[in-house]
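Participant: Just dropping this structure here.
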4 protein chains.
Amino acid sequence: MRTVSIINITSYTALELVRLLAQHPEFRVVSVIGRSAVGKRLEEIFPHLRRLPPPSGQQTPGVDPALVITEEPAQTDLAFVCLPHAAAASAVERLIECGIKVVDLSADFRLHESEVYEEWYTHTHPAPALLKSAVYGLPERYREQVCHSQLVANPGCHSTAAILALTPALVAGIVGPNVIITSITGISGGGRTPALSYHYPEANEDAWAYSLAGHRHLPEIVQELEAAAATGGHPVEGGLRLTFVPHIAPMTRGILSTSYAELRADDQGHIPANEELYALYRDFYANESFVHVVDQAPHTKWTVGSNHCFLYPIVDKRTQRLIVVACLDNLVKGASGQAIQNANLLCGFPETLGLVGLGMVP
Amino acid sequence: MRTVSIINITSYTALELVRLLAQHPEFRVVSVIGRSAVGKRLEEIFPHLRRLPPPSGQQTPGVDPALVITEEPAQTDLAFVCLPHAAAASAVERLIECGIKVVDLSADFRLHESEVYEEWYTHTHPAPALLKSAVYGLPERYREQVCHSQLVANPGCHSTAAILALTPALVAGIVGPNVIITSITGISGGGRTPALSYHYPEANEDAWAYSLAGHRHLPEIVQELEAAAATGGHPVEGGLRLTFVPHIAPMTRGILSTSYAELRADDQGHIPANEELYALYRDFYANESFVHVVDQAPHTKWTVGSNHCFLYPIVDKRTQRLIVVACLDNLVKGASGQAIQNANLLCGFPETLGLVGLGMVP
Amino acid sequence: MRTVSIINITSYTALELVRLLAQHPEFRVVSVIGRSAVGKRLEEIFPHLRRLPPPSGQQTPGVDPALVITEEPAQTDLAFVCLPHAAAASAVERLIECGIKVVDLSADFRLHESEVYEEWYTHTHPAPALLKSAVYGLPERYREQVCHSQLVANPGCHSTAAILALTPALVAGIVGPNVIITSITGISGGGRTPALSYHYPEANEDAWAYSLAGHRHLPEIVQELEAAAATGGHPVEGGLRLTFVPHIAPMTRGILSTSYAELRADDQGHIPANEELYALYRDFYANESFVHVVDQAPHTKWTVGSNHCFLYPIVDKRTQRLIVVACLDNLVKGASGQAIQNANLLCGFPETLGLVGLGMVP
Amino acid sequence: MRTVSIINITSYTALELVRLLAQHPEFRVVSVIGRSAVGKRLEEIFPHLRRLPPPSGQQTPGVDPALVITEEPAQTDLAFVCLPHAAAASAVERLIECGIKVVDLSADFRLHESEVYEEWYTHTHPAPALLKSAVYGLPERYREQVCHSQLVANPGCHSTAAILALTPALVAGIVGPNVIITSITGISGGGRTPALSYHYPEANEDAWAYSLAGHRHLPEIVQELEAAAATGGHPVEGGLRLTFVPHIAPMTRGILSTSYAELRADDQGHIPANEELYALYRDFYANESFVHVVDQAPHTKWTVGSNHCFLYPIVDKRTQRLIVVACLDNLVKGASGQAIQNANLLCGFPETLGLVGLGMVP
């Protein structure tokens, strides 16, 4: 059993950590931190936890609803940091100094180059010295590194979907540098702070595109897809030409990401057929517990509440383009579930521990 | 470990059993029955189960997605019957004859009197001989009887909310016979068969009342509330005068039930104050794992995907009426979760086994 | 043609007035007032109005999207006041002094007695002298008085549904004083200011009851139902014993109100049958353009965007209770549409002018 | 005043025609045809029309709710055909022979080449002789031809958005042949026939891509975009390389279409800046009543219930790609509203007659 703390408990990613950790057999939340709610019990700010008794026969419930929120974290084995960028880096620095393992759900340690970070986040990186030791926490790509790390940078939700969708094609060298990604997200991705855009009467029965001038998940997608291509021995000359446009649809959870890339003929002038593509993807993820390659268009609903990601690769025969549709729950595989997957690795537990729930259909 | 079968796998209650049993440590689904899908694998009709590997290190997954659907059930320790009324009774009869324990999710064995059944369901009861041995499967009321039974009649979703909401008041004798219950349900309560009323463009952004001439959950609510009053030594003279009107709101899951009754003065002419009422309810459910008395209006969202029920009793001071608001997930505490709670009791397992999940918020 | 101003343009009721008045042939919005948006053009705060040209051939568009928001209203023929209570009364007082006809959408002039107002709104009435001359703006009840008034108090959304639903029964004297009303509203009823309760991820897939200690629409319902009973020569002795509980469902618009009352036998001991009840209701509203008595349970969707209200009265045969289901759009017949209906009467126009749109189905 | 008939009244496009025509001053629906509902009155199948009286003082209501549904159309001035493809062509042939003007909402007369039609619709064209005289009913492109036609092929919903979004760029010759279009649609686009995919509990809180092997709106988009390029003197050499992927989001109405194309340098090596692009688009649609070029990402909600389309063109500076976001209501500008716009032109009425309603926000 390991003790954990959750920093910024009033966020949705923290709340989702609570839900998942409540059933985790090896993690015990002993410290919850939140400036705006110091002194309150967990069940006071999240009333659905009120009066829930410990599960019968379980001596150490994963989460105690009577836990009191504090301003500073206790010394624990591991900490989940759910702060916004910049604030996260400062908190991470102190936790690392205390010898605490950290899964940081912010963007602060995802980009390897502080220059790129500063271009996109428009402020100086608060803890650049830690960038080198941080691991990009996509276990399907960096499982070994995560196991031996102290600091994991948990990927963005759109990024997780996009990178899982295109990595097999880039590693195999079957696509060129022109990539377009359309991503649709549920509204919980926008966080827990009320705003007019997310006010129910505005957001219900509405869909819109946002961040058309450039979304901050773009540089981490570029970084990871270029790395994938290099890994496969097919580095992207001149760099990836990526256009990424996120959209919002009126639902609480879910990422539906559709990626388009130009298929390249191999040395014999051959373009992969659907079956070859499908086999390539299935083989690539054959040993993964959470990434499933399917032969029909997946639904975000399949993933609700679960850590599973579904991928559907297909050739657009008219244009010889690759299309990959990816689905996941933005709060689970796109955030808190993946954070626990990383925490399991950091602590030497089986990667799927506490994460075996199926999607909630209907 | 006990083997179980699920009869009528293409229903929502069956699908929810699959989701919950996939994480149950002691039940293993070995037989799934569905006329319209015979010969198909479970993952073919429910593609979100496709390619899900058994959780790492777990030798006997609760549910194998490759299980083939059959026409007739195998001999198992227990069966969940998800058929519509009438069809259910016939299936139950055969299962009981084979010595299989049964949790019947239909209405066929909920009413003690076959005459009442025939009045409301307008056909002869197919297996009246079993009515006597069947137990109404509300564990908070009939825990002992369920433990020693072979056939459990799982309550209706509206009924579970209404009965849990009013039982403490009727047992205590603090209310009279005039009762009105308004219940709001999510649309999954209407089942998995498409119909114009539940077609998304019709049902979205719509609310309506239904079954105004009399809903079939009414007689089981009357039966159980009158029984509660009698249990408490305050039998309802002349019978309960219950009006029950169900409504549909545009959401997938959730029951929000609001009950109104006339508070009665005691021998000293005293009407309970809010604090007394609250104490009465808290004491009544003090030892229950799934029923929680709270001091603010509960939300259906608190219960989504979980077996928890929240109750909020309050006095309407202007009129001296009792109001009780109840929330639960119609597919879990209102159907499949309660069915597993009953199955746990039938098999001698802890009542909460496999049912400790929290509500999914947001 | 009459000029109108809209006070507090950043509210949903004001926005709905803009939508409806844009097609009104006789009203022209020439002044829009909003403290938080002074100096901005209408199309800047409501971008869906941006660049909309005047309808072809129409010289005087009902609303000009380039209209600049001001701090104080201009002198117009009529003003719609969309301010919250208290602020509304002060504004109304100044408008009345300027000889402007006023439709006040707040609660400030709905209650005849300032003591009742002060009990429910917990502050001194800012303009008690105007209470006498104000008319409760339910045209189906007070058409003549509205025609000859300068100040109309537009009813609340829940109140409109409840009063239209029960007035025929109280006028006819067929029900007793025990009344229970359950009302379900869409979320736009809560206004345009973001709050956690109405944040999309919280409010989506959720339903809850609110104001259980007493909702402010209760006293106006009591006032109007008691008046209806007195009008019919059947005054409610001892006063109406009304319990009113509003609920929220996850939709943008719509009120679904279900009322319950005890039917009384007449002198011959006769209780009305469904046909008699239906005839009573149809006759009562026979000459109304916006109130429709139907013989099946109505849907809120039938009313979306329209000024229509549907009523379905039915006898609960088991208990001899009257049930009436009412549906309307809370922003139209429940607010801005009714305000225009009143404004038409105030100005001597046909009552239905600019209000003939059908409900948007689907 | 002109008489019109609506063929296949039980479809959503027909129902939307009824809603819009009910307020049209010059069209009168005198004949409604629907095989499955012959003999019923309009208000019986659409109960929200029940008992609606004619608007006060209007002698000839646009639609009479008591109209009886027939099997064959009457002789009218104009007919709206809402049948599925193939059935539509046969009906259109008979109507044209009777000298009736026709707006066909099906796909049967959208494609100029019967070979292309037969490739995509996999059956022989039922009335190829009419293809030549049919006009593609996008008034912003073919206004003059529509005015002088007898048969208008009303465009598809996705197609309308995509063609309006990219036409200015192709006419101006600023983009190359590589085009990717992602389109998100509300569920009413799938029609009124219930199916499991559109069953509320399945479709709510879900998003998915469909028709990945090729959607039938693709060939009409290609046809019209290639024609636009040719019109502008910049024919697409080798043909447009279009990938088009439609997605479904959980809402009733709305199309959100995002198009991507490669910007081409002009002879001076210049790539348009945002301001130039915006000016190009504004000028192109300067005289249009229903197409609005805006400088922020538009929302589908802005268009709900209205015939307006909003376009937002922007340069992706990193990749020199053009992005255009388009929003419209699939049932109005994407179907029935555009059909009335075409009918107005066919009959010599002002194009905007009966179509001036604003989007319903919220």
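Going by the structure tokens order, chains are called A, B, ..., each with residues numbered from 1, while ligands are numbered from 1 in the order shown.
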Please report, as JSON, numbers by chain, each residue of region 2-221 of chain C to which DSSP assigns strand (DSSP E or B) when run on this structure's backbone.

Facilitator: {"C": [2, 3, 4, 5, 6, 7, 27, 28, 29, 30, 31, 32, 33, 41, 68, 69, 70, 78, 79, 80, 81, 101, 102, 103, 104, 135, 136, 151, 152, 153, 175, 176, 177, 178, 179, 180, 181, 182, 183, 184, 185, 199, 208, 209]}

Participant: If you take only C-alpha atoms and a cut-off of 6 Å, which residues of chain A touch chain D, and what are their nearest atom pairs and distances in Å to one decimal, in chain and number order, as a tab-separated table?

Facilitator:
```
residue	atom	partner	partner_atom	distance
A:Pro201	CA	D:Pro362	CA	5.6
A:Glu202	CA	D:Pro362	CA	5.7
A:Glu205	CA	D:Met251	CA	4.9
A:Asp206	CA	D:Lys301	CA	4.9
A:Ala207	CA	D:Thr300	CA	5.5
A:Trp208	CA	D:His299	CA	4.9
A:Arg241	CA	D:Thr319	CA	5.8
A:Met251	CA	D:Glu205	CA	4.9
A:His299	CA	D:Trp208	CA	4.9
A:Thr300	CA	D:Asp206	CA	5.4
A:Lys301	CA	D:Asp206	CA	4.9
A:Thr319	CA	D:Arg241	CA	5.8
A:Pro362	CA	D:Pro201	CA	5.6
```

Participant: Can you write out the residues you just picked, keeping N, CA, C and O atoms, as an mmCIF file, in the first residue's frame?

Facilitator:
```cif
data_model
loop_
_atom_site.group_PDB
_atom_site.id
_atom_site.type_symbol
_atom_site.label_atom_id
_atom_site.label_comp_id
_atom_site.auth_asym_id
_atom_site.auth_seq_id
_atom_site.Cartn_x
_atom_site.Cartn_y
_atom_site.Cartn_z
ATOM 1 N N PRO A 201 -27.384 26.273 -20.709
ATOM 2 C CA PRO A 201 -28.271 26.692 -21.813
ATOM 3 C C PRO A 201 -27.512 27.146 -23.057
ATOM 4 O O PRO A 201 -28.069 27.136 -24.149
ATOM 5 N N GLU A 202 -26.255 27.524 -22.892
ATOM 6 C CA GLU A 202 -25.444 27.910 -24.043
ATOM 7 C C GLU A 202 -24.820 26.694 -24.721
ATOM 8 O O GLU A 202 -24.788 26.595 -25.945
ATOM 9 N N GLU A 205 -27.028 21.538 -26.977
ATOM 10 C CA GLU A 205 -27.506 21.687 -28.364
ATOM 11 C C GLU A 205 -26.628 22.690 -29.123
ATOM 12 O O GLU A 205 -27.123 23.559 -29.844
ATOM 13 N N ASP A 206 -25.317 22.558 -28.929
ATOM 14 C CA ASP A 206 -24.378 23.450 -29.612
ATOM 15 C C ASP A 206 -23.083 22.683 -29.900
ATOM 16 O O ASP A 206 -22.710 21.773 -29.160
ATOM 17 N N ALA A 207 -22.437 23.049 -30.974
ATOM 18 C CA ALA A 207 -21.100 22.521 -31.277
ATOM 19 C C ALA A 207 -20.302 23.661 -31.884
ATOM 20 O O ALA A 207 -20.847 24.508 -32.582
ATOM 21 N N TRP A 208 -19.007 23.689 -31.566
ATOM 22 C CA TRP A 208 -18.170 24.746 -32.116
ATOM 23 C C TRP A 208 -16.707 24.314 -32.124
ATOM 24 O O TRP A 208 -16.318 23.415 -31.384
ATOM 25 N N ARG A 241 3.999 18.657 -40.788
ATOM 26 C CA ARG A 241 3.111 19.807 -41.088
ATOM 27 C C ARG A 241 1.729 19.493 -40.523
ATOM 28 O O ARG A 241 0.854 19.003 -41.228
ATOM 29 N N MET A 251 -21.583 17.089 -24.783
ATOM 30 C CA MET A 251 -21.567 15.883 -23.967
ATOM 31 C C MET A 251 -20.574 16.141 -22.842
ATOM 32 O O MET A 251 -19.745 17.052 -22.933
ATOM 33 N N HIS A 299 -17.277 4.415 -30.918
ATOM 34 C CA HIS A 299 -18.113 5.442 -30.300
ATOM 35 C C HIS A 299 -17.459 5.914 -29.003
ATOM 36 O O HIS A 299 -16.941 5.099 -28.236
ATOM 37 N N THR A 300 -17.541 7.199 -28.741
ATOM 38 C CA THR A 300 -16.999 7.673 -27.462
ATOM 39 C C THR A 300 -17.718 6.998 -26.293
ATOM 40 O O THR A 300 -17.123 6.778 -25.244
ATOM 41 N N LYS A 301 -18.988 6.653 -26.472
ATOM 42 C CA LYS A 301 -19.734 6.050 -25.376
ATOM 43 C C LYS A 301 -19.114 4.730 -24.914
ATOM 44 O O LYS A 301 -19.238 4.363 -23.742
ATOM 45 N N THR A 319 -8.489 8.764 -52.358
ATOM 46 C CA THR A 319 -7.389 9.734 -52.269
ATOM 47 C C THR A 319 -6.103 9.127 -51.731
ATOM 48 O O THR A 319 -5.103 9.827 -51.611
ATOM 49 N N PRO A 362 -25.553 1.729 -21.541
ATOM 50 C CA PRO A 362 -25.760 3.081 -22.071
ATOM 51 C C PRO A 362 -25.509 4.097 -20.958
ATOM 52 O O PRO A 362 -25.354 3.716 -19.825
#
```

Participant: Please list as a PyMOL selection string every residue within 10 Å of Leu170 (chain D), counting only C-alpha atoms and excluding residues in the same chain fewer than 5 positions away.

Facilitator: chain D and resi 163+165+175-177+225-236+261

Participant: Select from region 29-260 of chain B everything DSSP, run on the backbone, classes as alpha helix (DSSP H), then give the selection as number ranges by chain.

Facilitator: B: 42-45, 87-97, 114-121, 139-147, 157-172, 200-203, 217-231

Participant: Can you spit out the residues from that selection as a PDB file, in the first residue's frame, using C-alpha atoms?

Facilitator:
```pdb
ATOM      1  CA  LEU B  42     -21.097 -11.126 -26.715  1.00  0.00           C
ATOM      2  CA  GLU B  43     -18.566  -8.694 -28.210  1.00  0.00           C
ATOM      3  CA  GLU B  44     -20.395  -8.775 -31.536  1.00  0.00           C
ATOM      4  CA  ILE B  45     -23.584  -7.319 -30.163  1.00  0.00           C
ATOM      5  CA  ALA B  87     -42.125 -14.501 -20.579  1.00  0.00           C
ATOM      6  CA  ALA B  88     -40.114 -14.132 -17.397  1.00  0.00           C
ATOM      7  CA  ALA B  89     -42.459 -16.251 -15.268  1.00  0.00           C
ATOM      8  CA  SER B  90     -42.275 -19.166 -17.670  1.00  0.00           C
ATOM      9  CA  ALA B  91     -38.489 -19.041 -17.788  1.00  0.00           C
ATOM     10  CA  VAL B  92     -38.263 -18.711 -14.012  1.00  0.00           C
ATOM     11  CA  GLU B  93     -40.427 -21.780 -13.542  1.00  0.00           C
ATOM     12  CA  ARG B  94     -38.020 -23.928 -15.564  1.00  0.00           C
ATOM     13  CA  LEU B  95     -34.943 -22.537 -13.826  1.00  0.00           C
ATOM     14  CA  ILE B  96     -36.410 -23.151 -10.380  1.00  0.00           C
ATOM     15  CA  GLU B  97     -37.210 -26.726 -11.374  1.00  0.00           C
ATOM     16  CA  SER B 114     -52.278 -13.100  -8.502  1.00  0.00           C
ATOM     17  CA  GLU B 115     -55.565 -11.170  -8.752  1.00  0.00           C
ATOM     18  CA  VAL B 116     -53.771  -7.865  -8.391  1.00  0.00           C
ATOM     19  CA  TYR B 117     -51.204  -9.043 -10.931  1.00  0.00           C
ATOM     20  CA  GLU B 118     -53.911  -9.978 -13.382  1.00  0.00           C
ATOM     21  CA  GLU B 119     -55.718  -6.672 -12.932  1.00  0.00           C
ATOM     22  CA  TRP B 120     -52.599  -4.683 -13.777  1.00  0.00           C
ATOM     23  CA  TYR B 121     -50.938  -6.946 -16.326  1.00  0.00           C
ATOM     24  CA  PRO B 139     -32.691  -6.028   0.865  1.00  0.00           C
ATOM     25  CA  GLU B 140     -33.207  -3.015   3.111  1.00  0.00           C
ATOM     26  CA  ARG B 141     -36.628  -4.518   3.929  1.00  0.00           C
ATOM     27  CA  TYR B 142     -36.341  -8.264   3.398  1.00  0.00           C
ATOM     28  CA  ARG B 143     -32.671  -9.093   3.868  1.00  0.00           C
ATOM     29  CA  GLU B 144     -33.271 -12.211   5.934  1.00  0.00           C
ATOM     30  CA  GLN B 145     -35.942 -13.604   3.645  1.00  0.00           C
ATOM     31  CA  VAL B 146     -33.760 -13.058   0.578  1.00  0.00           C
ATOM     32  CA  CYS B 147     -30.897 -14.955   2.240  1.00  0.00           C
ATOM     33  CA  CYS B 157     -36.965   1.221 -10.457  1.00  0.00           C
ATOM     34  CA  HIS B 158     -39.630   3.790  -9.528  1.00  0.00           C
ATOM     35  CA  SER B 159     -40.791   1.421  -6.773  1.00  0.00           C
ATOM     36  CA  THR B 160     -37.353   1.123  -5.186  1.00  0.00           C
ATOM     37  CA  ALA B 161     -37.048   4.887  -4.898  1.00  0.00           C
ATOM     38  CA  ALA B 162     -40.592   5.407  -3.623  1.00  0.00           C
ATOM     39  CA  ILE B 163     -40.534   2.577  -1.105  1.00  0.00           C
ATOM     40  CA  LEU B 164     -37.152   3.543   0.327  1.00  0.00           C
ATOM     41  CA  ALA B 165     -38.390   7.149   0.546  1.00  0.00           C
ATOM     42  CA  LEU B 166     -41.589   6.518   2.475  1.00  0.00           C
ATOM     43  CA  THR B 167     -40.984   3.336   4.472  1.00  0.00           C
ATOM     44  CA  PRO B 168     -39.434   5.056   7.521  1.00  0.00           C
ATOM     45  CA  ALA B 169     -42.407   7.441   7.792  1.00  0.00           C
ATOM     46  CA  LEU B 170     -44.987   4.660   7.470  1.00  0.00           C
ATOM     47  CA  VAL B 171     -43.196   2.348   9.886  1.00  0.00           C
ATOM     48  CA  ALA B 172     -43.077   5.213  12.379  1.00  0.00           C
ATOM     49  CA  TYR B 200     -33.039  10.999 -30.043  1.00  0.00           C
ATOM     50  CA  PRO B 201     -34.407  14.018 -31.948  1.00  0.00           C
ATOM     51  CA  GLU B 202     -37.808  13.513 -30.281  1.00  0.00           C
ATOM     52  CA  ALA B 203     -36.656  12.763 -26.739  1.00  0.00           C
ATOM     53  CA  HIS B 217     -45.297   0.127 -10.430  1.00  0.00           C
ATOM     54  CA  LEU B 218     -48.224   1.524  -8.436  1.00  0.00           C
ATOM     55  CA  PRO B 219     -49.548  -1.754  -6.974  1.00  0.00           C
ATOM     56  CA  GLU B 220     -46.112  -2.869  -5.758  1.00  0.00           C
ATOM     57  CA  ILE B 221     -45.567   0.501  -4.086  1.00  0.00           C
ATOM     58  CA  VAL B 222     -48.970   0.217  -2.396  1.00  0.00           C
ATOM     59  CA  GLN B 223     -48.282  -3.369  -1.328  1.00  0.00           C
ATOM     60  CA  GLU B 224     -44.931  -2.502   0.196  1.00  0.00           C
ATOM     61  CA  LEU B 225     -45.919   0.763   1.848  1.00  0.00           C
ATOM     62  CA  GLU B 226     -48.982  -0.834   3.406  1.00  0.00           C
ATOM     63  CA  ALA B 227     -46.766  -3.672   4.612  1.00  0.00           C
ATOM     64  CA  ALA B 228     -44.333  -1.142   6.078  1.00  0.00           C
ATOM     65  CA  ALA B 229     -47.136   0.586   7.960  1.00  0.00           C
ATOM     66  CA  ALA B 230     -48.387  -2.729   9.307  1.00  0.00           C
ATOM     67  CA  THR B 231     -44.853  -3.738  10.336  1.00  0.00           C
TER      68      THR B 231
END
```

Participant: Between CA of Phe349 (chain B) and CA of Glu26 (chain B), what is the distance, to one decimal in Å?

Facilitator: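 It comes out at 8.3 Å.
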
Participant: With only C-alpha atoms as the counted atoms, please give the residues lying no more than 8 Å from Arg192 (chain B), apart from itself and same-chain residues fewer than 3 positions off, as a ChimeraX atom specification.

Facilitator: /B:10-12,188 /D:196,199,201

Participant: What separation in Å, quoted to one decimal, exists between CA of Glu351 (chain A) and CA of Ile7 (chain A)?

Facilitator: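 Value for the CA of Glu351 (chain A)-CA of Ile7 (chain A) distance: 22.4 Å.
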